[in-house]
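Below is protein06.txt, which holds compact mmCIF, C-alpha atoms and all ligand atoms.
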```
# COMPACT_ATOMS: atom_id res chain seq x y z
CA MET B 1441 20.32 53.72 177.35
CA THR B 1442 20.40 56.79 179.61
CA ALA B 1443 18.26 59.69 180.75
CA SER B 1444 19.73 61.76 177.93
CA ASP B 1445 18.22 59.28 175.45
CA LEU B 1446 14.86 60.12 177.00
CA ASN B 1447 15.53 63.85 176.64
CA GLN B 1448 15.49 63.35 172.86
CA CYS B 1449 11.76 62.86 173.31
CA LEU B 1450 11.52 66.64 173.88
CA ASP B 1451 12.17 67.11 170.13
CA CYS B 1452 10.00 64.21 168.95
CA SER B 1453 7.77 64.71 165.93
CA ALA B 1454 6.90 61.08 165.28
CA CYS B 1455 3.17 61.79 165.21
CA ASP B 1456 0.91 64.74 164.37
CA LEU B 1457 0.45 65.70 168.04
CA ALA B 1458 3.80 67.45 167.72
CA LYS B 1459 2.08 70.10 165.57
CA THR B 1460 -0.43 71.17 168.22
CA ARG B 1461 1.38 70.63 171.53
CA GLN B 1462 2.86 73.43 173.65
CA THR B 1463 5.33 71.17 175.47
CA VAL B 1464 6.32 67.52 175.61
CA VAL B 1465 5.20 66.18 178.99
CA LEU B 1466 7.58 63.52 180.26
CA SER B 1467 7.28 62.84 183.98
CA ARG B 1468 7.31 63.96 187.57
CA GLY B 1469 8.44 62.21 190.74
CA ASN B 1470 11.46 60.06 191.43
CA PRO B 1471 13.16 58.27 188.48
CA ASP B 1472 14.44 55.70 191.00
CA ALA B 1473 11.01 54.97 192.48
CA ARG B 1474 9.78 51.37 192.77
CA LEU B 1475 6.28 52.44 191.75
CA MET B 1476 5.58 53.80 188.26
CA LEU B 1477 2.20 55.24 187.44
CA ILE B 1478 1.11 55.61 183.81
CA GLY B 1479 -1.83 57.78 182.77
CA GLU B 1480 -3.35 58.58 179.40
CA ALA B 1481 -2.11 61.88 177.94
CA PRO B 1482 -1.46 65.48 179.00
CA GLY B 1483 -4.41 67.84 179.42
CA ALA B 1484 -4.41 71.61 178.96
CA GLN B 1485 -2.57 72.49 182.19
CA GLU B 1486 -0.04 69.70 181.72
CA ASP B 1487 0.58 70.88 178.16
CA GLN B 1488 1.32 74.40 179.42
CA LEU B 1489 3.51 73.39 182.35
CA GLY B 1490 5.22 70.31 180.91
CA ILE B 1491 4.35 68.25 184.01
CA PRO B 1492 1.91 65.30 184.10
CA PHE B 1493 -1.14 65.18 186.39
CA VAL B 1494 -1.09 68.78 187.63
CA GLY B 1495 -4.78 69.57 187.01
CA ARG B 1496 -7.82 68.50 189.03
CA SER B 1497 -7.20 64.83 188.23
CA GLY B 1498 -3.66 65.16 189.48
CA LYS B 1499 -4.84 66.58 192.79
CA VAL B 1500 -7.19 63.62 193.24
CA LEU B 1501 -4.38 61.24 192.41
CA ASP B 1502 -1.91 62.93 194.78
CA ARG B 1503 -4.41 62.91 197.62
CA MET B 1504 -5.15 59.21 197.09
CA LEU B 1505 -1.45 58.28 196.98
CA SER B 1506 -0.70 60.34 200.10
CA GLU B 1507 -3.64 58.89 202.01
CA VAL B 1508 -2.33 55.35 201.61
CA GLY B 1509 1.17 56.38 202.70
CA PHE B 1510 3.15 57.17 199.56
CA ASN B 1511 5.59 60.08 199.59
CA LEU B 1512 5.00 61.81 196.23
CA ASP B 1513 8.59 63.02 195.80
CA ARG B 1514 10.27 59.80 196.90
CA ASP B 1515 8.02 56.82 196.18
CA VAL B 1516 6.41 57.41 192.77
CA TYR B 1517 7.36 58.15 189.16
CA ILE B 1518 4.41 59.49 187.16
CA CYS B 1519 4.10 59.70 183.37
CA ASN B 1520 1.59 59.24 180.56
CA ALA B 1521 1.29 56.77 177.70
CA ILE B 1522 1.27 59.73 175.29
CA LYS B 1523 3.67 62.63 175.84
CA CYS B 1524 1.85 65.33 173.82
CA ARG B 1525 -1.66 66.65 174.33
CA PRO B 1526 -4.33 65.41 171.90
CA PRO B 1527 -6.46 68.37 170.69
CA ASN B 1528 -9.58 68.92 172.83
CA ASN B 1529 -8.39 66.14 175.14
CA ARG B 1530 -9.68 63.47 172.77
CA ARG B 1531 -8.61 59.87 173.32
CA PRO B 1532 -5.25 59.10 171.64
CA THR B 1533 -5.54 57.08 168.45
CA LYS B 1534 -4.00 53.63 167.96
CA ASN B 1535 -1.37 55.18 165.68
CA GLU B 1536 -0.44 57.80 168.27
CA LEU B 1537 -0.16 55.14 170.96
CA ALA B 1538 2.06 53.09 168.68
CA ALA B 1539 4.21 56.10 167.75
CA CYS B 1540 4.79 57.02 171.39
CA ARG B 1541 5.29 53.47 172.66
CA SER B 1542 9.07 53.49 172.32
CA TRP B 1543 9.28 56.46 174.73
CA LEU B 1544 7.12 54.65 177.25
CA ASP B 1545 9.26 51.53 176.93
CA LEU B 1546 12.36 53.65 177.47
CA GLN B 1547 10.89 55.21 180.61
CA ILE B 1548 10.03 51.76 181.99
CA ALA B 1549 13.53 50.49 181.22
CA LEU B 1550 15.19 53.49 182.89
CA VAL B 1551 13.00 53.55 186.01
CA ASP B 1552 12.87 49.74 186.26
CA PRO B 1553 9.87 49.80 188.62
CA ALA B 1554 8.83 46.84 190.77
CA VAL B 1555 5.16 47.72 190.24
CA ILE B 1556 3.37 49.58 187.43
CA VAL B 1557 -0.03 51.17 187.94
CA LEU B 1558 -2.14 51.83 184.83
CA THR B 1559 -4.71 54.59 185.40
CA GLY B 1560 -7.59 54.18 183.00
CA SER B 1561 -8.33 52.22 179.87
CA THR B 1562 -5.96 54.09 177.52
CA ALA B 1563 -2.96 53.28 179.71
CA VAL B 1564 -4.12 49.63 179.79
CA GLU B 1565 -4.41 49.59 176.01
CA ALA B 1566 -1.05 51.31 175.58
CA LEU B 1567 0.91 48.85 177.71
CA LEU B 1568 -1.06 45.59 177.59
CA GLY B 1569 -2.92 45.98 174.27
CA ARG B 1570 -6.22 45.15 176.03
CA ARG B 1571 -9.51 47.02 175.79
CA ASP B 1572 -11.42 45.30 178.61
CA ALA B 1573 -13.87 47.34 180.68
CA MET B 1574 -12.10 48.97 183.62
CA ARG B 1575 -14.82 47.72 185.99
CA GLN B 1576 -13.66 44.18 185.25
CA LEU B 1577 -9.95 44.90 185.10
CA ARG B 1578 -9.32 47.27 188.01
CA GLY B 1579 -7.87 45.72 191.11
CA GLN B 1580 -6.72 42.60 189.24
CA TRP B 1581 -2.97 41.99 189.12
CA GLN B 1582 -1.58 41.58 185.60
CA PHE B 1583 1.92 40.46 184.73
CA TRP B 1584 3.90 42.04 181.93
CA GLN B 1585 7.52 41.28 181.12
CA GLY B 1586 8.15 40.02 184.65
CA ARG B 1587 6.57 43.04 186.31
CA SER B 1588 3.45 43.29 188.48
CA VAL B 1589 0.92 45.62 186.86
CA MET B 1590 -2.28 46.93 188.45
CA PRO B 1591 -5.02 48.71 186.46
CA VAL B 1592 -7.01 51.29 188.45
CA PHE B 1593 -9.69 53.83 187.57
CA HIS B 1594 -8.40 57.10 186.08
CA PRO B 1595 -8.66 59.99 188.58
CA ALA B 1596 -10.81 61.91 186.07
CA TYR B 1597 -13.34 59.08 186.39
CA LEU B 1598 -13.24 59.49 190.17
CA LEU B 1599 -14.03 63.20 189.73
CA ARG B 1600 -17.08 62.31 187.64
CA HIS B 1601 -18.25 59.63 190.10
CA ALA B 1602 -17.59 61.27 193.44
CA SER B 1603 -19.76 58.99 195.60
CA THR B 1604 -18.09 57.87 198.83
CA ASP B 1605 -20.17 54.67 198.81
CA ALA B 1606 -18.17 51.65 200.03
CA GLU B 1607 -18.46 50.02 196.59
CA GLY B 1608 -18.06 53.27 194.64
CA PRO B 1609 -15.04 54.05 192.44
CA ILE B 1610 -13.29 56.22 195.04
CA GLU B 1611 -13.33 53.58 197.77
CA LEU B 1612 -12.46 50.81 195.29
CA THR B 1613 -9.46 52.82 194.10
CA ARG B 1614 -8.36 53.53 197.66
CA ARG B 1615 -8.47 49.77 198.26
CA ASP B 1616 -6.47 49.15 195.07
CA PHE B 1617 -3.73 51.55 196.15
CA THR B 1618 -3.62 49.92 199.60
CA VAL B 1619 -3.11 46.53 197.89
CA ILE B 1620 -0.40 48.09 195.69
CA ARG B 1621 1.39 49.44 198.74
CA GLN B 1622 1.26 46.03 200.41
CA LYS B 1623 2.65 44.43 197.27
CA LEU B 1624 5.59 46.82 197.24
CA CYS B 1625 6.35 45.88 200.86
CA GLU B 1626 6.40 42.18 199.90
CA LEU B 1627 8.61 42.53 196.80
S1 LIG B 1701 2.90 62.03 171.24
FE1 LIG B 1701 4.77 60.85 171.46
S2 LIG B 1701 5.23 60.10 169.38
FE2 LIG B 1701 3.79 61.82 169.17
S3 LIG B 1701 5.12 63.61 168.86
FE3 LIG B 1701 4.65 63.46 171.07
S4 LIG B 1701 6.40 62.33 171.93
FE4 LIG B 1701 6.42 61.99 169.69
```

I'd like the structure from this file rewritten - as structure tokens, please.
Amino acid sequence: MTASDLNQCLDCSACDLAKTRQTVVLSRGNPDARLMLIGEAPGAQEDQLGIPFVGRSGKVLDRMLSEVGFNLDRDVYICNAIKCRPPNNRRPTKNELAACRSWLDLQIALVDPAVIVLTGSTAVEALLGRRDAMRQLRGQWQFWQGRSVMPVFHPAYLLRHASTDAEGPIELTRRDFTVIRQKLCEL
């Protein structure tokens, strides 16, 4: 199992999203990072550029990670549960999540992260098979195949709920990433 195995994903046509995508969007960041962040699926800009989280959501995410002390090039590997853009940014179907799961598993095996962060409910469903409300799940450590896993709100949700209230999504997510950073220091 090597990085070249993962490159075969660039030719994948295991689900119908292959027919409408511009590019397969694999990852950005450091493949040796101890923190792996998994989002939902590429949006329009990601589909054009072949890089995950480069739109407005990505800017929110990058700012949040930087504010709590992560170096984006060194400390984090970022990918999505689904590697090809669903038309009109709709939520990926169960079949699409299942079809793409082997690529996600391969990424996890290659990066071998100490901590996985799941941004949003689709990433939670993709990895853990759970559909709990994010309000209940965020900030709660989960354990999956010997790894520490933290669900957090998706940055697109933070854009839609931009209150800086102490109990609002932005501050809660900042707290979650601070806890994640502390965890990485302990492990
Ligand atoms: S979404 Fe995943 S399974 Fe579907 S074609 Fe793209 S890489 Fe293959």

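When all atoms listed in the file are used to compute distances to B:Tyr1517, the closest of the residues B:Asp1487, B:Asp1472, B:Asp1451, B:Asp1456 turns out to be B:Asp1472.
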
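Distances here use all atoms listed in the file; by that measure, the residue among B:Pro1471, B:Gly1483, B:Pro1526, B:Gly1490 closest to ligand LIG 1701 (chain B) is B:Pro1526.
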
Write out as a Markdown table the residues of chain B that have any atom within 10 Å of an atom of ligand LIG 1701 (chain B), one row each with the nearest atom pair and its distance in Å to one decimal, counting all atoms listed in the file, sorted by chain and then rising number.
```
| residue | atom | partner | partner_atom | distance |
| --- | --- | --- | --- | --- |
| B:Gln1448 | CA | B:LIG1701 | S4 | 9.2 |
| B:Cys1449 | CA | B:LIG1701 | S4 | 5.6 |
| B:Leu1450 | CA | B:LIG1701 | S4 | 7.0 |
| B:Asp1451 | CA | B:LIG1701 | S4 | 7.7 |
| B:Cys1452 | CA | B:LIG1701 | FE4 | 4.3 |
| B:Ser1453 | CA | B:LIG1701 | S3 | 4.1 |
| B:Ala1454 | CA | B:LIG1701 | FE4 | 4.5 |
| B:Cys1455 | CA | B:LIG1701 | FE2 | 4.0 |
| B:Asp1456 | CA | B:LIG1701 | S3 | 6.3 |
| B:Leu1457 | CA | B:LIG1701 | S3 | 5.2 |
| B:Ala1458 | CA | B:LIG1701 | S3 | 4.2 |
| B:Lys1459 | CA | B:LIG1701 | S3 | 7.9 |
| B:Thr1460 | CA | B:LIG1701 | S3 | 9.4 |
| B:Arg1461 | CA | B:LIG1701 | FE3 | 7.9 |
| B:Thr1463 | CA | B:LIG1701 | FE3 | 8.9 |
| B:Val1464 | CA | B:LIG1701 | FE3 | 6.3 |
| B:Val1465 | CA | B:LIG1701 | S4 | 8.1 |
| B:Leu1466 | CA | B:LIG1701 | S4 | 8.5 |
| B:Ala1481 | CA | B:LIG1701 | S1 | 8.4 |
| B:Pro1482 | CA | B:LIG1701 | S1 | 9.5 |
| B:Asn1520 | CA | B:LIG1701 | FE1 | 9.8 |
| B:Ala1521 | CA | B:LIG1701 | FE1 | 8.2 |
| B:Ile1522 | CA | B:LIG1701 | S1 | 4.9 |
| B:Lys1523 | CA | B:LIG1701 | S1 | 4.7 |
| B:Cys1524 | CA | B:LIG1701 | S1 | 4.3 |
| B:Arg1525 | CA | B:LIG1701 | S1 | 7.2 |
| B:Pro1526 | CA | B:LIG1701 | S1 | 8.0 |
| B:Pro1532 | CA | B:LIG1701 | S1 | 8.7 |
| B:Asn1535 | CA | B:LIG1701 | S2 | 9.0 |
| B:Glu1536 | CA | B:LIG1701 | FE2 | 5.9 |
| B:Leu1537 | CA | B:LIG1701 | S2 | 7.5 |
| B:Ala1538 | CA | B:LIG1701 | S2 | 7.7 |
| B:Ala1539 | CA | B:LIG1701 | S2 | 4.4 |
| B:Cys1540 | CA | B:LIG1701 | S2 | 3.7 |
| B:Arg1541 | CA | B:LIG1701 | S2 | 7.4 |
| B:Ser1542 | CA | B:LIG1701 | S2 | 8.2 |
| B:Trp1543 | CA | B:LIG1701 | FE1 | 7.1 |
| B:Leu1544 | CA | B:LIG1701 | FE1 | 8.8 |
```

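If you measure from each of B:Gln1582, B:Ile1478, B:Phe1510, B:Gln1462 to B:Cys1625 using only C-alpha atoms, the closest one turns out to be B:Phe1510.
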
Check: Can you find the residues with an atom no farther than 12 Å from (-14.0, 57.9, 195.2), counting all atoms listed in the file, and report them as JSON, numbers by chain?
Finding: {"B": [1497, 1500, 1501, 1503, 1504, 1592, 1593, 1594, 1595, 1596, 1597, 1598, 1599, 1600, 1601, 1602, 1603, 1604, 1605, 1606, 1607, 1608, 1609, 1610, 1611, 1612, 1613, 1614, 1615, 1616]}

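The two atoms in question, atom CA of B:Gly1569 and atom CA of B:Trp1584, are spaced 11.0 Å apart.
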
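Minimum atom-to-atom distances from B:Pro1492, B:Pro1527, B:Gly1469, B:Pro1591 to B:Gly1579 were compared using all atoms listed in the file, and the lowest value belongs to B:Pro1591.
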
Next item on the list: To one decimal in Å, tell me the separation between atom CA of B:Ser1506 and atom CA of B:Ala1566.
Entry: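 Going from atom CA of B:Ser1506 over to atom CA of B:Ala1566 covers 26.1 Å.
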
Margin query: With only C-alpha atoms as the counted atoms, please give the residues lying no more than 10 Å from B:Leu1505, apart from itself and same-chain residues fewer than 2 positions off, as a ChimeraX atom specification.
Written below: /B:1499-1503,1507-1512,1515-1516,1614,1617-1618,1621

Check: Nearest to B:Ala1473: which of B:Leu1624, B:Val1589, B:Ala1563, B:Ala1573 is it, counting all atoms listed in the file?
Finding: B:Leu1624

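Counting only C-alpha atoms, the residue from B:Leu1627, B:Val1619, B:Met1590, B:Leu1546 that sits nearest to B:Ala1443 is B:Leu1546.
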
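When atom CA of B:Asp1552 is paired with atom CA of B:Glu1480, their separation reads 19.7 Å.
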
Check: Which polymer residues have any atom within 6 Å of an atom of B:Ile1518, counting all atoms listed in the file, with same-chain residues fewer than 6 positions away left out, as a VMD selection string?
Finding: chain B and resid 1467 to 1468 1476 to 1477
